[in-house]
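Worksheet for the structure shown next.
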Amino acid sequence: MSYVRIDNVSKKYNDLAVLKNVSLSIKEGEFITLLGPSGCGKSTLLRAIAGLNDIDTGSIHVGDKDITYLYPKDREVGMVFQSYALFPNMNVYNNIAFGLKMEGMKKEHYTPLVEEMIELIDLQGKGNRFPHELSGGQQQRVALGRALVKRPKILLLDEPLSALDAKIRRTLRNEIRKIQQRLKMTTIFVTHDQEEALTISDRIFVMNHGTIEQVGAPEEIYTSPKTEYVARFIGNYNVFSHSEILEAGMSVIPQGELFAVRPEAIVIALDNHTKDYTEATFMTGMGWVNQVSVLGNVIRFDVDVNGLKLTIDALHDTEIHKIKENSKVAVAIPLTECKPLNHRD
Amino acid sequence: MKDTSLIQRKDGRVWNTSIVTMLIVYLCIPVAGTLAYSLCQEWQGTILPKGFTLKWYAEIFSDTRFLEAMGRSLLVSTITVVISLLIMIPTIFIIVLYYPKLERTLQILVLLPFAFPGVVAAVGLIKVYSSGPLAISGTIWILIGAYFIVVLPYVYQSTRNSLRTINAKDLMDAAEVLGASKVSAFHSVIVPNILPGVLTASLLSFSTILGEFVLANILVGGSYETIQIYLLSMMRVSGHSASAIILIFFVLVFVLSAIILKLGSWNSRTNVSKGKPKEEDR
């Protein structure tokens, strides 16, 4: 049962196609993320759903209603912007009440709704504050409340966390998810941050050059990328071709043309500690460490295996700490972790 | 080391104060002289003025010609500013937000008044408007039309800057998604937020028009006597009266400027949002 349905939407700006026959469907109450680098068309698609951009071809349905040609005000969507876009001349209360007033609702009817929303976004007692008296995180919560108070059919979030600093970003991210689940709000979230997308979404739509490259649940996207683009965007995947493994002289050569392996899936050990990895389930090889960098909870090794460059992440332990730059190491890649990719970009 | 730098800093401060003081004195001497002249009975053949009197002021305020000229000046300024705001704000808003490609053209148009000296513009305007279907030369309307162009740069600059500062595009988008039509979004969200900037521009325009002489003299002259034209004719009659008029005018513009400054600081206070309070979310 799809609740939001987007069929074959295309959009061109002067000869540049920003959306190419994009189709997607979303279930009611689902939290989906459009993930991609800037210029991939994700924001254009979101704004097209809101009615802020028009589209050249295709249609957009929400519920049973075709909203393709409606004005933004008639679409019953809520939207949160990266710049918050709070009305500076109105206090928190009036910002949240704005949408209800525009509906022509009477003061006695909207007052309880607004107060309930102020409580939901955890800004009790701040109703009289003006936007410039609030911190960025608080402003964005007001924007969220303002979008939700009308109980829209879908909530659109356009990089809402990008302007905030890392710590606030994380708490607000969890809060958005909590509120979304409580209200069972169908939500489309746009971001270029893969970590954000992985933690918050039910499903992720990875976009590239105006098309949807892969759709799936976060763990699926993370563990089984289908294309090199997704593999590179979603993590620090190692991507290599059949011939590259051949040249590197690996012990076993899997079937397929192009593969992706997560850096933390590869086992790394000093030269003389490799007997445990049987050739039936691992492809093994010897190489030299080019660089060692501590990233925090993991150590990252850049290893050269006869010209095959591998990035390998390992957790800290005493054996691992013995591996230094220019150490000779053995690497073992579990064959199950070699994800075949469709094509090379 | 520390001591010398302290002395240097002290020297610097002395320099600063003395330069500023000299500047203030330099700027104030003509005004002070005019004030003295407007308050004395006679100032001829002596170093210091003779006899204190308010009669020049009394004379002017009882002169209906002065009051009428002042009234005309205020009227023409008010009408011009109001018309200019009513036409230009929506125009600038639409161009900046929805037709950004036209902004270049608008900028050139707006800068034209700087390219044409008042006299040149006035002669051209008289040629066009003294005959033909639109013979408005010598009336208030030609003056309003000309002043509309004079104040364009102020109105354009301040409106555009205000729209930029408040991020008008996002505000419009937000208001529209929340159920507002373009028109109601414009007047409930955009107008209140650009108002401080626009007010500053209107007061600036207002005082510019009040002090304008060249266009008024050539375009309408005696047939629509504004305060500046009246001032010129009074200078031929009595220096004391003229000084009094200048002082009155000066006070008026001073009050206007004070209001502008006041509004300006209020504006910047409401726009400090960028350097706002620290995050206090848990």
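FYI, nothing fancy with the structure tokens labels: chains A, B, ... in order, residues from 1 per chain, ligands from 1 as they appear.
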Write out, as a tab-separated table, each residue of chain A that has an atom at most 8 Å from chain B, together with the closest pair of atoms and their distance in Å to one decimal, counting only C-alpha atoms, rows going by chain and rising number.
```
residue	atom	partner	partner_atom	distance
A:Ala50	CA	B:Val177	CA	6.9
A:Leu52	CA	B:Asp173	CA	6.8
A:Pro72	CA	B:Val177	CA	5.1
A:Lys73	CA	B:Gly179	CA	3.8
A:Asp74	CA	B:Gly179	CA	6.7
A:Arg75	CA	B:Val177	CA	7.8
A:Glu76	CA	B:Val177	CA	7.8
A:Val77	CA	B:Val177	CA	6.7
A:Gly78	CA	B:Val177	CA	6.5
A:Met79	CA	B:Val177	CA	6.9
A:Val80	CA	B:Ala174	CA	7.8
A:Phe81	CA	B:Asp170	CA	7.6
A:Ser83	CA	B:Asp170	CA	7.6
A:Ala85	CA	B:Leu171	CA	5.2
A:Leu86	CA	B:Leu171	CA	7.0
A:Phe87	CA	B:Val189	CA	6.5
A:Pro88	CA	B:Asn193	CA	6.8
A:Asn89	CA	B:Asn193	CA	6.0
A:Phe98	CA	B:Leu178	CA	7.3
A:Gly99	CA	B:Leu178	CA	4.7
A:Met102	CA	B:Gly179	CA	5.8
A:Glu103	CA	B:Gly179	CA	6.7
A:Pro131	CA	B:Ser273	CA	7.5
A:His132	CA	B:Ser273	CA	4.2
A:Glu133	CA	B:Lys276	CA	6.5
A:Leu134	CA	B:Pro277	CA	6.5
A:Ser135	CA	B:Glu279	CA	5.1
A:Gly136	CA	B:Glu279	CA	6.9
A:Gly137	CA	B:Glu279	CA	6.9
A:Gln138	CA	B:Asp281	CA	7.2
A:Ala147	CA	B:Leu178	CA	7.2
A:Ile168	CA	B:Asp281	CA	7.3
```
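Every protein or nucleic acid residue with an atom no more than 7 Å from B:Ala242, counting only C-alpha atoms and leaving out same-chain residues fewer than 6 positions away, appears here: Leu231, Met234 and Met235 of chain B.
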Restrict the selected residues to C-alpha atoms and save them as a short mmCIF file (atom, residue, chain, number, x, y, z; two decimals), in the first residue's frame.
```
data_model
loop_
_atom_site.label_atom_id
_atom_site.label_comp_id
_atom_site.auth_asym_id
_atom_site.auth_seq_id
_atom_site.Cartn_x
_atom_site.Cartn_y
_atom_site.Cartn_z
CA LEU B 231 14.25 80.53 0.74
CA MET B 234 13.85 85.56 0.90
CA MET B 235 17.62 85.74 0.66
#
```
Surrounding residues of stretch 182-199 of chain A excluding itself and chain neighbours under 6 positions, 8 Å, only C-alpha atoms, as a CSV table (one decimal) with N, CA and C atoms, in the first residue's frame:
```
chain,number,residue,atom,x,y,z
A,27,LYS,N,5.2,4.2,2.1
A,27,LYS,CA,4.1,3.7,2.9
A,27,LYS,C,3.7,4.8,3.9
A,28,GLU,N,2.4,4.7,4.4
A,28,GLU,CA,2.0,5.6,5.4
A,28,GLU,C,2.7,5.4,6.7
A,29,GLY,N,3.2,6.6,7.3
A,29,GLY,CA,3.9,6.5,8.5
A,29,GLY,C,5.4,6.1,8.4
A,30,GLU,N,5.8,6.0,7.2
A,30,GLU,CA,7.2,5.6,6.9
A,30,GLU,C,8.1,6.8,7.0
A,31,PHE,N,9.4,6.6,7.4
A,31,PHE,CA,10.4,7.7,7.4
A,31,PHE,C,11.4,7.4,6.4
A,32,ILE,N,11.4,8.1,5.3
A,32,ILE,CA,12.4,7.8,4.2
A,32,ILE,C,13.3,8.9,4.1
A,33,THR,N,14.5,8.6,3.6
A,33,THR,CA,15.5,9.6,3.4
A,33,THR,C,16.0,9.6,1.9
A,34,LEU,N,16.0,10.8,1.3
A,34,LEU,CA,16.7,11.0,0.0
A,34,LEU,C,18.1,11.4,0.3
A,35,LEU,N,19.0,10.5,-0.1
A,35,LEU,CA,20.4,10.8,0.3
A,35,LEU,C,21.2,10.9,-1.0
A,36,GLY,N,22.1,11.9,-1.0
A,36,GLY,CA,23.0,12.2,-2.1
A,36,GLY,C,23.8,13.4,-2.0
A,37,PRO,N,24.8,13.6,-2.8
A,37,PRO,CA,25.6,14.8,-2.7
A,37,PRO,C,24.8,16.0,-3.2
A,38,SER,N,25.3,17.2,-3.0
A,38,SER,CA,24.6,18.4,-3.5
A,38,SER,C,24.5,18.3,-5.1
A,42,LYS,N,18.0,15.8,-5.0
A,42,LYS,CA,17.1,15.5,-3.9
A,42,LYS,C,16.3,16.6,-3.4
A,43,SER,N,16.9,17.8,-3.3
A,43,SER,CA,16.1,19.0,-2.8
A,43,SER,C,15.1,19.4,-3.9
A,46,LEU,N,12.2,17.2,-3.4
A,46,LEU,CA,11.4,17.5,-2.2
A,46,LEU,C,10.6,18.8,-2.4
A,153,LYS,N,-0.2,15.8,5.8
A,153,LYS,CA,-0.2,14.4,5.4
A,153,LYS,C,1.2,13.9,5.2
A,154,ILE,N,2.1,14.7,4.8
A,154,ILE,CA,3.5,14.4,4.8
A,154,ILE,C,4.4,15.5,5.4
A,155,LEU,N,5.4,15.1,6.0
A,155,LEU,CA,6.4,16.1,6.6
A,155,LEU,C,7.6,16.0,5.7
A,156,LEU,N,8.0,17.2,5.2
A,156,LEU,CA,9.2,17.3,4.3
A,156,LEU,C,10.3,18.0,5.1
A,157,LEU,N,11.5,17.4,5.2
A,157,LEU,CA,12.6,18.0,6.0
A,157,LEU,C,13.7,18.2,5.0
A,158,ASP,N,14.1,19.5,4.7
A,158,ASP,CA,15.1,19.8,3.8
A,158,ASP,C,16.4,20.1,4.5
A,159,GLU,N,17.2,19.1,4.7
A,159,GLU,CA,18.5,19.3,5.4
A,159,GLU,C,18.3,20.1,6.7
A,173,ARG,N,18.2,15.0,15.9
A,173,ARG,CA,17.9,13.9,15.0
A,173,ARG,C,17.1,12.9,15.7
A,218,PRO,N,18.4,0.8,5.9
A,218,PRO,CA,19.8,1.3,6.2
A,218,PRO,C,20.8,0.2,6.2
A,219,GLU,N,20.5,-1.0,6.9
A,219,GLU,CA,21.5,-2.0,6.9
A,219,GLU,C,21.8,-2.6,5.6
A,222,TYR,N,23.8,-0.3,3.6
A,222,TYR,CA,25.2,-0.2,4.1
A,222,TYR,C,26.0,-1.5,3.8
A,233,PHE,N,29.7,6.3,-1.7
A,233,PHE,CA,29.1,7.4,-0.9
A,233,PHE,C,28.7,7.0,0.5
A,234,ILE,N,28.3,5.7,0.6
A,234,ILE,CA,27.7,5.3,1.9
A,234,ILE,C,28.8,5.0,3.0
A,235,GLY,N,29.9,4.5,2.5
A,235,GLY,CA,31.0,4.2,3.5
A,235,GLY,C,32.3,4.4,2.8
```
Worksheet item: Counting only C-alpha atoms, what is within 10 Å of stretch 60-66 of chain B, bar same-chain residues fewer than 4 positions away, as number ranges by chain?
Response: B: 55-56, 70-72, 225-227, 230-231, 234, 241-242, 244-245, 248
Practice prompt. Compile the contact shell of B:Ala201 as a ChimeraX atom specification: residues with an atom at most 12 Å away, counting only C-alpha atoms, same-chain residues fewer than 4 positions apart removed.
Written response: /B:81-82,84-85,88-89,151-162,194-197,205-208,256-257,259-261,263-264
Practice prompt. Would you mind listing what lies within 9 Å of A:Arg141 as a list of chain:residue names, with only C-alpha atoms counted and same-chain residues fewer than 2 positions away left out?
Written response: A:Tyr84, A:Ile121, A:Asp122, A:Leu123, A:Gly136, A:Gly137, A:Gln138, A:Gln139, A:Ala143, A:Leu144, A:Gly145, A:Arg146, A:Leu172, A:Ile176
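Closest approach to B:Leu203 among B:Ser238, B:Gln41, B:Thr78, B:Thr105: B:Thr78, based on only C-alpha atoms.
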Per DSSP on the backbone, filter stretch 15-46 of chain A down to the residues in strand (DSSP E) and report them as an mmCIF file with C-alpha atoms, in the first residue's frame.
```cif
data_model
loop_
_atom_site.group_PDB
_atom_site.id
_atom_site.type_symbol
_atom_site.label_atom_id
_atom_site.label_comp_id
_atom_site.auth_asym_id
_atom_site.auth_seq_id
_atom_site.Cartn_x
_atom_site.Cartn_y
_atom_site.Cartn_z
ATOM 1 C CA LEU A 16 20.318 20.452 -17.471
ATOM 2 C CA ALA A 17 18.209 17.526 -16.335
ATOM 3 C CA VAL A 18 18.002 17.603 -12.545
ATOM 4 C CA LEU A 19 15.382 14.868 -12.237
ATOM 5 C CA LYS A 20 15.219 12.023 -14.722
ATOM 6 C CA ASN A 21 12.054 9.929 -14.580
ATOM 7 C CA VAL A 22 12.119 9.533 -10.850
ATOM 8 C CA SER A 23 9.530 7.169 -9.415
ATOM 9 C CA LEU A 24 9.126 6.168 -5.823
ATOM 10 C CA SER A 25 6.471 5.134 -3.379
ATOM 11 C CA ILE A 26 6.271 5.531 0.363
ATOM 12 C CA PHE A 31 10.373 7.707 7.419
ATOM 13 C CA ILE A 32 12.373 7.774 4.217
ATOM 14 C CA THR A 33 15.548 9.627 3.367
ATOM 15 C CA LEU A 34 16.670 11.012 0.036
ATOM 16 C CA LEU A 35 20.429 10.758 0.279
#
```
Item to complete: Calculate how many Å separate atom CA of A:Asp202 from atom CA of A:Ser2, rounding to one decimal.
Response: 14.4 Å
